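Participant: Pasting run06.txt below, which is compact mmCIF, C-alpha atoms.
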# COMPACT_ATOMS: atom_id res chain seq x y z
CA MET G 68 77.61 115.73 112.01
CA GLU G 69 80.80 113.75 111.49
CA LYS G 70 81.73 115.27 108.11
CA SER G 71 81.59 118.80 109.51
CA LEU G 72 83.90 118.07 112.42
CA SER G 73 87.69 118.26 112.50
CA LEU G 74 89.86 115.58 114.12
CA SER G 75 90.43 117.69 117.23
CA GLU G 76 86.71 118.41 117.55
CA LYS G 77 85.83 114.72 117.35
CA LEU G 78 88.37 113.91 120.05
CA TYR G 79 87.03 116.63 122.31
CA LEU G 80 83.41 115.48 121.93
CA LEU G 81 84.35 111.89 122.72
CA ALA G 82 86.06 113.11 125.90
CA VAL G 83 82.90 114.81 127.21
CA HIS G 84 80.88 112.66 129.64
CA PRO G 85 77.65 111.86 127.75
CA GLN G 86 75.39 112.07 130.80
CA LYS G 87 77.06 114.38 133.32
CA GLY G 88 78.99 116.66 131.02
CA GLY G 89 82.56 117.73 131.73
CA ILE G 90 85.66 115.81 130.60
CA ILE G 91 85.76 112.13 131.60
CA TYR G 92 88.40 111.28 134.21
CA ALA G 93 90.43 108.92 131.98
CA ALA G 94 90.97 111.73 129.45
CA SER G 95 91.41 114.63 131.87
CA GLN G 96 95.22 114.34 132.09
CA LYS G 97 95.84 113.21 128.51
CA LEU G 98 93.47 115.12 126.26
CA ASP G 99 95.52 118.28 125.83
CA PHE G 100 98.50 116.56 124.20
CA ALA G 101 96.17 114.52 121.99
CA LEU G 102 94.37 117.67 120.85
CA SER G 103 97.71 119.19 119.85
CA GLY G 104 98.51 116.00 117.94
CA ALA G 105 95.15 116.16 116.19
CA LEU G 106 95.81 119.75 115.15
CA PHE G 107 99.12 118.71 113.59
CA MET G 108 97.31 115.99 111.66
CA GLU G 109 94.71 118.49 110.47
CA MET G 110 97.47 120.79 109.21
CA ILE G 111 99.07 117.86 107.39
CA LEU G 112 95.74 117.00 105.73
CA ASP G 113 95.31 120.68 104.79
CA LYS G 114 98.84 120.80 103.29
CA GLN G 115 99.99 123.40 105.84
CA ILE G 116 102.88 121.31 107.17
CA GLU G 117 104.85 118.17 106.36
CA ILE G 118 106.77 115.71 108.51
CA GLU G 119 110.31 114.85 107.40
CA ASN G 120 112.49 112.66 109.62
CA LYS G 121 110.07 113.24 112.52
CA ARG G 122 110.51 117.01 112.14
CA ILE G 123 107.89 119.59 111.19
CA LYS G 124 108.35 121.57 107.99
CA VAL G 125 105.98 124.51 107.42
CA VAL G 126 104.71 124.55 103.84
CA ASN G 127 101.96 127.17 103.97
CA THR G 128 101.62 129.74 106.75
CA LYS G 129 98.07 130.85 105.88
CA SER G 130 94.94 129.04 107.05
CA ASN G 131 91.25 129.87 107.43
CA ASN G 132 91.33 128.14 110.82
CA PRO G 133 92.25 130.59 113.65
CA ILE G 134 93.95 128.02 115.85
CA GLN G 135 95.94 126.65 112.90
CA ASN G 136 97.09 130.19 112.09
CA TYR G 137 98.19 130.68 115.69
CA LEU G 138 100.26 127.46 115.68
CA LEU G 139 101.66 128.04 112.19
CA GLN G 140 102.94 131.50 113.08
CA LYS G 141 104.78 130.09 116.09
CA MET G 142 106.33 127.30 114.01
CA ARG G 143 107.30 129.69 111.24
CA LYS G 144 109.52 131.64 113.64
CA ALA G 145 111.69 128.60 114.39
CA LYS G 146 115.17 128.88 112.86
CA ARG G 147 115.15 125.22 111.84
CA PRO G 148 112.62 122.35 111.66
CA ARG G 149 111.91 120.92 115.09
CA LYS G 150 110.74 117.48 116.16
CA VAL G 151 107.03 116.77 116.53
CA THR G 152 107.59 115.97 120.22
CA THR G 153 109.21 119.37 120.78
CA TRP G 154 106.28 121.28 119.30
CA ILE G 155 103.65 119.25 121.13
CA SER G 156 105.46 119.90 124.41
CA LYS G 157 105.75 123.62 123.64
CA PHE G 158 102.08 123.97 122.72
CA ARG G 159 101.14 122.57 126.12
CA PHE G 160 101.48 126.12 127.37
CA SER G 161 98.88 127.24 124.82
CA VAL G 162 96.38 124.61 125.92
CA LYS G 163 93.79 127.08 127.23
CA ARG G 164 93.75 128.89 123.91
CA ILE G 165 93.56 125.62 121.96
CA ARG G 166 90.69 124.28 124.07
CA ARG G 167 88.84 127.60 123.91
CA GLN G 168 89.00 127.68 120.11
CA ILE G 169 87.81 124.07 119.82
CA LYS G 170 84.92 124.62 122.24
CA THR G 171 83.92 127.86 120.51
CA SER G 172 83.80 126.05 117.16
CA LEU G 173 81.71 123.18 118.61
CA VAL G 174 79.27 125.62 120.21
CA ARG G 175 78.95 127.43 116.89
CA LYS G 176 78.20 124.12 115.17
CA GLY G 177 75.48 123.34 117.72
CA THR G 178 77.06 120.16 119.08
CA LEU G 179 78.12 121.51 122.47
CA LYS G 180 76.96 124.00 125.08
CA LEU G 181 78.87 125.55 127.96
CA GLU G 182 77.11 125.73 131.32
CA GLU G 183 78.18 128.40 133.80
CA LYS G 184 79.33 126.82 137.06
CA GLN G 185 80.52 128.30 140.35
CA PHE G 186 81.90 126.95 143.63
CA LEU G 187 82.85 129.53 146.23
CA PHE G 188 85.05 132.00 144.31
CA PHE G 189 85.77 129.64 141.41
CA GLN G 190 83.90 129.98 138.13
CA TRP G 191 84.14 127.81 135.04
CA LYS G 192 82.20 126.68 131.99
CA LYS G 193 81.24 123.02 131.88
CA PRO G 194 81.00 121.41 128.41
CA VAL G 195 77.75 119.51 127.84
CA LEU G 196 76.76 117.51 124.75
CA LEU G 197 73.75 118.76 122.83
CA ASN G 198 73.47 115.82 120.43
CA LYS G 199 74.33 112.68 122.37
CA GLN G 200 73.05 110.32 119.70
CA ALA G 201 75.40 111.80 117.10
CA VAL G 202 78.36 111.30 119.46
CA TYR G 203 77.25 107.71 120.19
CA LYS G 204 77.13 107.17 116.43
CA LEU G 205 80.66 108.55 116.08
CA GLN G 206 81.80 106.26 118.90
CA SER G 207 80.22 103.25 117.18
CA GLU G 208 81.86 104.13 113.85
CA ILE G 209 85.27 104.38 115.51
CA GLU G 210 84.75 101.01 117.20
CA ASN G 211 83.93 99.40 113.85
CA GLN G 212 86.88 101.06 112.12
CA ILE G 213 89.27 99.74 114.75
CA LEU G 214 87.95 96.19 114.76
CA GLN G 215 87.16 95.85 111.05
CA GLY G 216 89.87 98.10 109.64
CA THR G 217 89.87 101.19 107.45
CA THR G 218 91.96 102.48 104.56
CA SER G 219 91.11 106.15 105.06
CA GLU G 220 94.20 108.12 106.10
CA GLU G 221 92.05 110.63 108.00
CA ASN G 222 90.31 107.82 109.90
CA ILE G 223 93.63 106.19 110.78
CA MET G 224 94.93 109.53 112.05
CA LEU G 225 91.96 109.85 114.39
CA LEU G 226 92.18 106.23 115.54
CA SER G 227 95.89 106.61 116.35
CA LEU G 228 95.00 109.25 118.96
CA ILE G 229 92.20 107.36 120.72
CA LYS G 230 94.52 105.62 123.19
CA PRO G 231 96.86 108.62 123.80
CA ALA G 232 93.75 110.72 124.51
CA GLY G 233 92.60 108.28 127.21
CA LEU G 234 89.49 107.33 125.25
CA LEU G 235 90.04 103.63 124.60
CA LYS G 236 88.12 102.57 127.70
CA ARG G 237 85.27 104.90 126.77
CA ILE G 238 84.84 103.08 123.47
CA PHE G 239 85.74 99.56 124.61
CA GLN G 240 84.46 99.00 128.14
CA ASP G 241 85.05 95.25 128.00
CA LYS G 242 88.65 94.46 129.01
CA ASP G 243 89.20 91.63 126.52
CA LYS G 244 87.74 93.65 123.69
CA ARG G 245 89.97 96.55 124.67
CA LYS G 246 93.08 94.37 124.42
CA LEU G 247 91.99 93.23 120.96
CA ALA G 248 91.42 96.87 119.98
CA GLU G 249 94.97 97.77 121.01
CA GLN G 250 96.34 95.01 118.76
CA LYS G 251 94.16 96.16 115.87
CA LEU G 252 95.29 99.76 116.33
CA LYS G 253 98.95 98.76 116.10
CA GLN G 254 98.23 96.90 112.86
CA LEU G 255 96.33 99.86 111.40
CA MET G 256 99.14 102.29 112.16
CA GLU G 257 101.91 100.14 110.66
CA GLY G 258 103.29 101.91 107.62
CA ASN G 259 101.38 105.15 108.28
CA GLN G 260 104.33 107.42 109.08
CA VAL G 261 102.25 110.43 110.07
CA SER G 262 100.08 108.54 112.56
CA GLU G 263 103.05 106.70 114.01
CA ALA G 264 105.15 109.85 114.38
CA VAL G 265 102.44 112.04 115.92
CA SER G 266 100.96 109.43 118.27
CA ALA G 267 104.47 108.49 119.45
CA ALA G 268 105.27 112.18 120.01
CA VAL G 269 102.07 112.64 122.03
CA ALA G 270 102.92 109.62 124.21
CA ALA G 271 106.50 110.86 124.70
CA ALA G 272 105.35 114.34 125.73
CA GLN G 273 102.86 112.83 128.18
CA ALA G 274 105.57 110.63 129.69
CA VAL G 275 107.82 113.64 130.30
CA VAL G 276 105.08 115.50 132.17
CA VAL G 277 104.21 112.42 134.25
CA SER G 278 107.90 111.96 135.11
CA VAL G 279 108.30 115.60 136.13
CA ALA G 280 105.14 115.44 138.24
CA ALA G 281 106.33 112.26 139.97
CA SER G 282 109.72 113.83 140.70
CA SER G 283 108.03 116.90 142.20
CA VAL G 284 105.89 114.72 144.46
CA ALA G 285 108.95 112.76 145.57
CA VAL G 286 110.89 115.95 146.35
CA THR G 287 107.95 117.38 148.30
CA ALA G 288 107.53 114.15 150.25
CA GLY G 289 111.25 114.04 151.06
CA ALA G 290 111.25 117.64 152.25
CA SER G 291 108.32 117.03 154.58
CA ARG G 292 110.04 114.19 156.43
Spell out the structure here as structure tokens.
Facilitator:
Amino acid sequence: MEKSLSLSEKLYLLAVHPQKGGIIYAASQKLDFALSGALFMEMILDKQIEIENKRIKVVNTKSNNPIQNYLLQKMRKAKRPRKVTTWISKFRFSVKRIRRQIKTSLVRKGTLKLEEKQFLFFQWKKPVLLNKQAVYKLQSEIENQILQGTTSEENIMLLSLIKPAGLLKRIFQDKDKRKLAEQKLKQLMEGNQVSEAVSAAVAAAQAVVVSVAASSVAVTAGASR
């Protein structure tokens, strides 16, 4: 299963609750930015884009991947190269399309199903894992790569997004082991400019949204007094 999955697809599967289905709480507010980061990394691996001085440079505007094509066309229209953080923040408004494409691909690959759900007038499709053992295997491999190290650039790219995606606790439930994992991740990312740039951009974009949300709450609370 692992070889047929993209970075963004692996992240999404790890974020699905293995027993109940749906996205786990820890990842619910963070996954979207991490998925955008994973898509950038995929485009770098596929030689579609390059990162120069923390800015995105489009190298090839054609891709066989529909979601890559969608993002590439948007980036191509920019008058000058923009920072990774800028693009990740902008693509937040395309999150529904990004998630839909990833889920459609996973359903097609037979690793995920979407259950129709309804509550009053609200309807949605709940993601449910079809091959839990394969996802547990992926989780175990990631744990080993973090603790034992890896030299694969693709693996390091994926590992660099585990914490920003809110998945570290899913993989390392023990608190002490989780702290060790964070130290190991920092060591793995040292010197890998792509992983450092994208993961930092994801974290920065998340921080902006959290700050804006906190300000809105404060304003609302002040107005109600």
Participant: Please report the interatomic distance between CA of Leu138 in chain G and CA of Leu106 in chain G in Å with one decimal.
Facilitator: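 Taking CA of Leu138 in chain G as the start and CA of Leu106 in chain G as the end point, the length is 8.9 Å.
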Participant: Using all atoms listed in the file, which of the listed residues (G:Ser156, G:Ser207, G:Thr171, G:Asn127) sits closest to Arg143 in chain G?
Facilitator: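 Checking each of G:Ser156, G:Ser207, G:Thr171, G:Asn127 against Arg143 in chain G, counting all atoms listed in the file, the winner is G:Asn127.
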Participant: Box in all listed atoms of range 206-221 of chain G, axis-aligned, with 5 Å more on each side; write out centre and edge lengths in Å to one decimal as AutoDock Vina command-line options.
Facilitator:
--center_x 87.2 --center_y 103.2 --center_z 111.7 --size_x 24.0 --size_y 24.8 --size_z 24.3
Participant: Measuring between only C-alpha atoms, which one of G:Leu81, G:Val195, G:Ile223, G:Leu74 shows the shortest distance to Arg237 in chain G?
Facilitator: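 For Arg237 in chain G, the nearest of the given residues is G:Leu81.
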Participant: Check the smallest atom-to-atom distance from each of G:Lys251, G:Lys97, G:Lys144, G:Lys199 to Ser227 in chain G using all atoms listed in the file, then report the winner.
Facilitator: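 That would be G:Lys251, the residue with the smallest distance to Ser227 in chain G.
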Participant: Skipping near chain neighbours, those fewer than 3 positions away, what residues fall within 8 Å of Val269 in chain G using only C-alpha atoms, listed as a PyMOL selection string?
Facilitator: chain G and resi 100-101+104+152+155+231+265-266+272-273
